[in-house]
Amino acid sequence: MSDKIKRFIECFIPVTTCNLRCHYCYITQQRKFSASLPIFEYTPEHIAKALSKERLGGTCFLNFCGGGETMLPPEITPIVRECLKEGHYAAIVTNGTVSQRINEILEFPKELLERLFFKFSFQYLELKRLNWLDKFCENIDKVRNAGCSFTVEITPSDELVPYIDEIKQLSMQKWGALPHITIARADNKPGTPILTNYSKEEYKKIWDSFDSPMFTFKLPLYNQKRREFCYAGVRSFCLDIKSGDIKQCYKGESLCNIYKNINEPLTLRAVGYGCKEPHCYNAHGFLLLDDITHFSDLTYADIRNRICTDGSEWLTPKVKEFFSSKLSETNEEYNCLQKSVLTVKNFAANIFSIKNDYKDGILRKQIKILGIKLSLRHNHKRNS
Ligand code: SF4
């Protein structure tokens, strides 16, 4: 039977330094290059145990992504290896230039590599400036030849526009297809607008020429507040891989620390109707995987894969199948009562910041009763 995604876990690697200086990146803007590498307090074995398949309820998709370059800390190699040994699928988001780390990872046994996916951020201008284009392309070749899946993605910036033709030519020659296109965010501005001086129409026209389903999916959602019921916090969550703290989503409530009491079940709670983000800027992950049930017919595989000119594909059949599954296939759908109770729980945790008191049981009971009352009233109104 094929593997299906039980949970999507955004694993944040707290590295705030990078070997590139991309002008649009917040590390560059805030001049954080000298920041040292993180010191991991827990062993890779402990981390993998905390993330065991049994504890998480099934096979999960772990997305390893650093604030700076993910592959700089040496610990990334054993952490990814142990998590793959647990039976999960892993993605590593990287600029593709830390050859030593890539070489170490490609030493893993084949049965681990076939569940590994590399997301190569193609920083064309920086690679050109440093004369590292060959190194980047060689690393992608190595990953592909080792039986891993990969994708190549461009963060579109206005400075890159004059180079579009040469980027396309190189991509077709090296990878048999064009890179996918994401969206650059102005993180330091209220509402996190798109980082460009072009109008939205011009921006669309320029970057649509890559024919990337990722871009086609993301652009219309940009700046659209999500008001549907979102299962982030249960079907997915954000993990700080160093501390073990987990949150519902980027701006969601803290849930628990998964490294303490690793034999205890996880405390999970969905965001529900309370998304705190102005818009779901990583909707291509969370929403395509179905944090909002049946959000789109597109799959995560659709926005990561490419079919090359020679008929080969960027995703291996195994990863493609896994990335084609949806979280709603492996997780229950809440009924009206459960959603109402959850809304009250989130309200309490949010407004009164009483997460710890809430755990003592008395208050939980009261909230539950309140939730049931509200739900009954709601149902009564609907039926009358
Ligand atoms: S809608 Fe997106 S940003 Fe909001 S809670 Fe859900 S996954 Fe997170």
# chains A, B, ... in the order shown; residues from 1 in each chain; ligands from 1
call {"tool": "select_by_dssp", "arguments": {"residues": "segment 39-89 of chain A", "states": "alpha helix (DSSP H)", "output": "list in words"}}
result
Pro44, Glu45, His46, Ile47, Ala48, Lys49, Ala50, Lys53, Glu54, Arg55, Leu56, Ile76, Thr77, Pro78, Ile79, Val80, Arg81, Glu82, Cys83, Leu84 and Lys85 of chain A
call {"tool": "write_last_selection", "arguments": {"atoms": "N, CA and C atoms", "output": "PDB file, in the first residue's frame"}}
result
ATOM      1  N   PRO A  44      20.121  13.739  17.675  1.00  0.00           N
ATOM      2  CA  PRO A  44      19.251  13.376  16.542  1.00  0.00           C
ATOM      3  C   PRO A  44      18.351  12.178  16.878  1.00  0.00           C
ATOM      4  N   GLU A  45      18.868  11.255  17.668  1.00  0.00           N
ATOM      5  CA  GLU A  45      18.078  10.068  18.048  1.00  0.00           C
ATOM      6  C   GLU A  45      16.876  10.489  18.888  1.00  0.00           C
ATOM      7  N   HIS A  46      17.105  11.433  19.825  1.00  0.00           N
ATOM      8  CA  HIS A  46      16.015  11.904  20.678  1.00  0.00           C
ATOM      9  C   HIS A  46      14.964  12.646  19.833  1.00  0.00           C
ATOM     10  N   ILE A  47      15.452  13.454  18.909  1.00  0.00           N
ATOM     11  CA  ILE A  47      14.539  14.218  18.041  1.00  0.00           C
ATOM     12  C   ILE A  47      13.654  13.252  17.240  1.00  0.00           C
ATOM     13  N   ALA A  48      14.302  12.211  16.670  1.00  0.00           N
ATOM     14  CA  ALA A  48      13.536  11.253  15.852  1.00  0.00           C
ATOM     15  C   ALA A  48      12.552  10.454  16.708  1.00  0.00           C
ATOM     16  N   LYS A  49      12.941  10.165  17.934  1.00  0.00           N
ATOM     17  CA  LYS A  49      12.057   9.423  18.845  1.00  0.00           C
ATOM     18  C   LYS A  49      10.824  10.277  19.170  1.00  0.00           C
ATOM     19  N   ALA A  50      11.085  11.563  19.405  1.00  0.00           N
ATOM     20  CA  ALA A  50       9.975  12.490  19.703  1.00  0.00           C
ATOM     21  C   ALA A  50       9.031  12.590  18.512  1.00  0.00           C
ATOM     22  N   LYS A  53       6.775   7.656  14.309  1.00  0.00           N
ATOM     23  CA  LYS A  53       5.557   7.419  13.521  1.00  0.00           C
ATOM     24  C   LYS A  53       4.394   7.081  14.446  1.00  0.00           C
ATOM     25  N   GLU A  54       4.719   6.298  15.466  1.00  0.00           N
ATOM     26  CA  GLU A  54       3.688   5.866  16.407  1.00  0.00           C
ATOM     27  C   GLU A  54       3.081   7.081  17.118  1.00  0.00           C
ATOM     28  N   ARG A  55       3.949   7.993  17.569  1.00  0.00           N
ATOM     29  CA  ARG A  55       3.464   9.173  18.305  1.00  0.00           C
ATOM     30  C   ARG A  55       2.693  10.130  17.397  1.00  0.00           C
ATOM     31  N   LEU A  56       3.165  10.236  16.157  1.00  0.00           N
ATOM     32  CA  LEU A  56       2.523  11.177  15.224  1.00  0.00           C
ATOM     33  C   LEU A  56       1.316  10.570  14.516  1.00  0.00           C
ATOM     34  N   ILE A  76      22.383  18.913  10.720  1.00  0.00           N
ATOM     35  CA  ILE A  76      21.256  18.646   9.814  1.00  0.00           C
ATOM     36  C   ILE A  76      21.369  17.221   9.232  1.00  0.00           C
ATOM     37  N   THR A  77      22.610  16.778   8.976  1.00  0.00           N
ATOM     38  CA  THR A  77      22.794  15.447   8.379  1.00  0.00           C
ATOM     39  C   THR A  77      22.235  14.335   9.275  1.00  0.00           C
ATOM     40  N   PRO A  78      22.707  14.203  10.536  1.00  0.00           N
ATOM     41  CA  PRO A  78      22.148  13.108  11.353  1.00  0.00           C
ATOM     42  C   PRO A  78      20.669  13.305  11.695  1.00  0.00           C
ATOM     43  N   ILE A  79      20.217  14.534  11.824  1.00  0.00           N
ATOM     44  CA  ILE A  79      18.791  14.751  12.159  1.00  0.00           C
ATOM     45  C   ILE A  79      17.911  14.234  11.018  1.00  0.00           C
ATOM     46  N   VAL A  80      18.246  14.611   9.794  1.00  0.00           N
ATOM     47  CA  VAL A  80      17.457  14.152   8.641  1.00  0.00           C
ATOM     48  C   VAL A  80      17.540  12.626   8.520  1.00  0.00           C
ATOM     49  N   ARG A  81      18.756  12.084   8.713  1.00  0.00           N
ATOM     50  CA  ARG A  81      18.917  10.629   8.600  1.00  0.00           C
ATOM     51  C   ARG A  81      18.029   9.888   9.601  1.00  0.00           C
ATOM     52  N   GLU A  82      18.040  10.336  10.870  1.00  0.00           N
ATOM     53  CA  GLU A  82      17.245   9.642  11.895  1.00  0.00           C
ATOM     54  C   GLU A  82      15.746   9.760  11.602  1.00  0.00           C
ATOM     55  N   CYS A  83      15.332  10.896  11.113  1.00  0.00           N
ATOM     56  CA  CYS A  83      13.896  11.075  10.802  1.00  0.00           C
ATOM     57  C   CYS A  83      13.488  10.195   9.614  1.00  0.00           C
ATOM     58  N   LEU A  84      14.377  10.072   8.640  1.00  0.00           N
ATOM     59  CA  LEU A  84      14.085   9.174   7.507  1.00  0.00           C
ATOM     60  C   LEU A  84      14.042   7.719   7.976  1.00  0.00           C
ATOM     61  N   LYS A  85      14.935   7.396   8.921  1.00  0.00           N
ATOM     62  CA  LYS A  85      14.945   6.022   9.447  1.00  0.00           C
ATOM     63  C   LYS A  85      13.631   5.694  10.158  1.00  0.00           C
TER      64      LYS A  85
END
call {"tool": "residues_near_ligand", "arguments": {"ligand": "ligand 1", "cutoff": "9 Å", "atoms": "only C-alpha atoms and all ligand atoms", "output": "MDAnalysis selection string"}}
result
chainID A and resid 225:233 236:237 248:252 270:283 285:287 291:292
call {"tool": "write_last_selection", "arguments": {"atoms": "C-alpha atoms", "output": "PDB file, in the first residue's frame"}}
result
ATOM      1  CA  LYS A 225      -7.500  36.661   4.243  1.00  0.00           C
ATOM      2  CA  ARG A 226      -8.450  33.028   5.016  1.00  0.00           C
ATOM      3  CA  ARG A 227     -11.701  32.677   6.923  1.00  0.00           C
ATOM      4  CA  GLU A 228     -12.387  28.963   6.418  1.00  0.00           C
ATOM      5  CA  PHE A 229     -11.879  26.370   9.154  1.00  0.00           C
ATOM      6  CA  CYS A 230      -8.165  25.534   9.165  1.00  0.00           C
ATOM      7  CA  TYR A 231      -6.751  22.331  10.664  1.00  0.00           C
ATOM      8  CA  ALA A 232      -3.231  23.764  11.111  1.00  0.00           C
ATOM      9  CA  GLY A 233      -2.270  22.777  14.644  1.00  0.00           C
ATOM     10  CA  SER A 236       0.197  20.360  10.378  1.00  0.00           C
ATOM     11  CA  PHE A 237       2.279  22.280  12.886  1.00  0.00           C
ATOM     12  CA  GLN A 248      -0.221  25.694  15.462  1.00  0.00           C
ATOM     13  CA  CYS A 249       1.111  27.748  12.538  1.00  0.00           C
ATOM     14  CA  TYR A 250       3.619  30.582  12.066  1.00  0.00           C
ATOM     15  CA  LYS A 251       1.522  32.983  14.139  1.00  0.00           C
ATOM     16  CA  GLY A 252      -0.525  30.335  15.928  1.00  0.00           C
ATOM     17  CA  ALA A 270      -6.412  23.279  15.355  1.00  0.00           C
ATOM     18  CA  VAL A 271      -6.457  26.993  14.488  1.00  0.00           C
ATOM     19  CA  GLY A 272     -10.053  26.640  13.347  1.00  0.00           C
ATOM     20  CA  TYR A 273     -11.557  29.960  12.281  1.00  0.00           C
ATOM     21  CA  GLY A 274      -8.837  31.971  14.045  1.00  0.00           C
ATOM     22  CA  CYS A 275      -6.036  32.350  11.472  1.00  0.00           C
ATOM     23  CA  LYS A 276      -3.922  35.310  12.599  1.00  0.00           C
ATOM     24  CA  GLU A 277      -2.090  35.853   9.323  1.00  0.00           C
ATOM     25  CA  PRO A 278      -3.198  38.583   6.914  1.00  0.00           C
ATOM     26  CA  HIS A 279      -2.937  35.892   4.229  1.00  0.00           C
ATOM     27  CA  CYS A 280      -1.702  32.316   3.949  1.00  0.00           C
ATOM     28  CA  TYR A 281       1.602  33.052   2.232  1.00  0.00           C
ATOM     29  CA  ASN A 282       2.678  29.401   2.243  1.00  0.00           C
ATOM     30  CA  ALA A 283      -0.681  28.182   0.977  1.00  0.00           C
ATOM     31  CA  GLY A 285       2.182  23.841   1.325  1.00  0.00           C
ATOM     32  CA  PHE A 286      -0.456  24.068   4.032  1.00  0.00           C
ATOM     33  CA  LEU A 287      -3.536  24.525   1.901  1.00  0.00           C
ATOM     34  CA  ASP A 291      -5.222  22.104   6.110  1.00  0.00           C
ATOM     35  CA  ILE A 292      -8.454  23.586   4.771  1.00  0.00           C
TER      36      ILE A 292
END
call {"tool": "select_by_dssp", "arguments": {"residues": "segment 126-311 of chain A", "states": "strand (DSSP E)", "output": "count of residues only"}}
result
20
call {"tool": "atom_distance", "arguments": {"atom1": "atom CA of Arg21 of chain A", "atom2": "atom CA of Ala90 of chain A"}}
result
26.3 Å
call {"tool": "atom_distance", "arguments": {"atom1": "atom CA of Ile258 of chain A", "atom2": "atom CA of Phe8 of chain A"}}
result
15.1 Å
call {"tool": "atom_distance", "arguments": {"atom1": "atom CA of Cys65 of chain A", "atom2": "atom CA of Leu37 of chain A"}}
result
14.2 Å
call {"tool": "residues_around", "arguments": {"residues": "Phe323 of chain A", "least_positions_apart": "5", "cutoff": "10 Å", "atoms": "only C-alpha atoms", "output": "NGL selection string"}}
result
:A and (3-5 or 61 or 89 or 288-289 or 299-305 or 315 or 317-318)
call {"tool": "write_last_selection", "arguments": {"atoms": "N, CA and C atoms", "output": "mmCIF file, in the first residue's frame"}}
result
data_model
loop_
_atom_site.group_PDB
_atom_site.id
_atom_site.type_symbol
_atom_site.label_atom_id
_atom_site.label_comp_id
_atom_site.auth_asym_id
_atom_site.auth_seq_id
_atom_site.Cartn_x
_atom_site.Cartn_y
_atom_site.Cartn_z
ATOM 1 N N ASP A 3 2.236 5.098 0.731
ATOM 2 C CA ASP A 3 2.237 5.981 1.907
ATOM 3 C C ASP A 3 1.370 7.211 1.650
ATOM 4 N N LYS A 4 0.661 7.633 2.699
ATOM 5 C CA LYS A 4 -0.120 8.881 2.615
ATOM 6 C C LYS A 4 0.306 9.799 3.753
ATOM 7 N N ILE A 5 0.214 11.093 3.536
ATOM 8 C CA ILE A 5 0.698 12.058 4.539
ATOM 9 C C ILE A 5 -0.266 12.128 5.723
ATOM 10 N N PHE A 61 5.319 14.228 6.625
ATOM 11 C CA PHE A 61 6.149 14.978 5.690
ATOM 12 C C PHE A 61 6.848 16.077 6.500
ATOM 13 N N TYR A 89 8.962 11.080 5.319
ATOM 14 C CA TYR A 89 9.518 11.697 4.115
ATOM 15 C C TYR A 89 10.062 13.068 4.532
ATOM 16 N N LEU A 288 -2.555 23.355 -0.004
ATOM 17 C CA LEU A 288 -2.599 22.301 -1.030
ATOM 18 C C LEU A 288 -2.607 20.918 -0.393
ATOM 19 N N LEU A 289 -1.984 20.825 0.778
ATOM 20 C CA LEU A 289 -1.983 19.526 1.466
ATOM 21 C C LEU A 289 -3.308 19.283 2.186
ATOM 22 N N THR A 299 -2.433 19.183 -6.370
ATOM 23 C CA THR A 299 -1.721 18.511 -5.275
ATOM 24 C C THR A 299 -0.360 19.178 -5.086
ATOM 25 N N TYR A 300 0.278 18.849 -3.971
ATOM 26 C CA TYR A 300 1.623 19.364 -3.715
ATOM 27 C C TYR A 300 2.579 18.867 -4.804
ATOM 28 N N ALA A 301 2.354 17.644 -5.265
ATOM 29 C CA ALA A 301 3.193 17.102 -6.346
ATOM 30 C C ALA A 301 3.077 17.978 -7.600
ATOM 31 N N ASP A 302 1.864 18.453 -7.883
ATOM 32 C CA ASP A 302 1.657 19.259 -9.106
ATOM 33 C C ASP A 302 2.504 20.526 -9.121
ATOM 34 N N ILE A 303 2.720 21.107 -7.938
ATOM 35 C CA ILE A 303 3.439 22.388 -7.950
ATOM 36 C C ILE A 303 4.949 22.220 -7.710
ATOM 37 N N ARG A 304 5.378 20.970 -7.509
ATOM 38 C CA ARG A 304 6.810 20.717 -7.307
ATOM 39 C C ARG A 304 7.447 19.975 -8.474
ATOM 40 N N ASN A 305 6.645 19.137 -9.133
ATOM 41 C CA ASN A 305 7.205 18.299 -10.188
ATOM 42 C C ASN A 305 7.377 19.074 -11.501
ATOM 43 N N LEU A 315 10.289 14.568 -9.660
ATOM 44 C CA LEU A 315 9.904 13.761 -8.503
ATOM 45 C C LEU A 315 9.968 12.288 -8.886
ATOM 46 N N PRO A 317 8.675 8.378 -8.607
ATOM 47 C CA PRO A 317 7.287 7.907 -8.482
ATOM 48 C C PRO A 317 6.825 7.809 -7.024
ATOM 49 N N LYS A 318 7.739 7.392 -6.134
ATOM 50 C CA LYS A 318 7.370 7.211 -4.718
ATOM 51 C C LYS A 318 7.011 8.556 -4.065
#
call {"tool": "closest_residue", "arguments": {"among": "A:Arg269, A:Lys320, A:Lys242, A:Lys260", "to": "Pro14 of chain A", "atoms": "only C-alpha atoms"}}
result
A:Lys242
call {"tool": "residues_around", "arguments": {"residues": "Cys22 of chain A", "least_positions_apart": "3", "cutoff": "8 Å", "atoms": "only C-alpha atoms", "output": "MDAnalysis selection string"}}
result
chainID A and resid 25 28 123 125:126
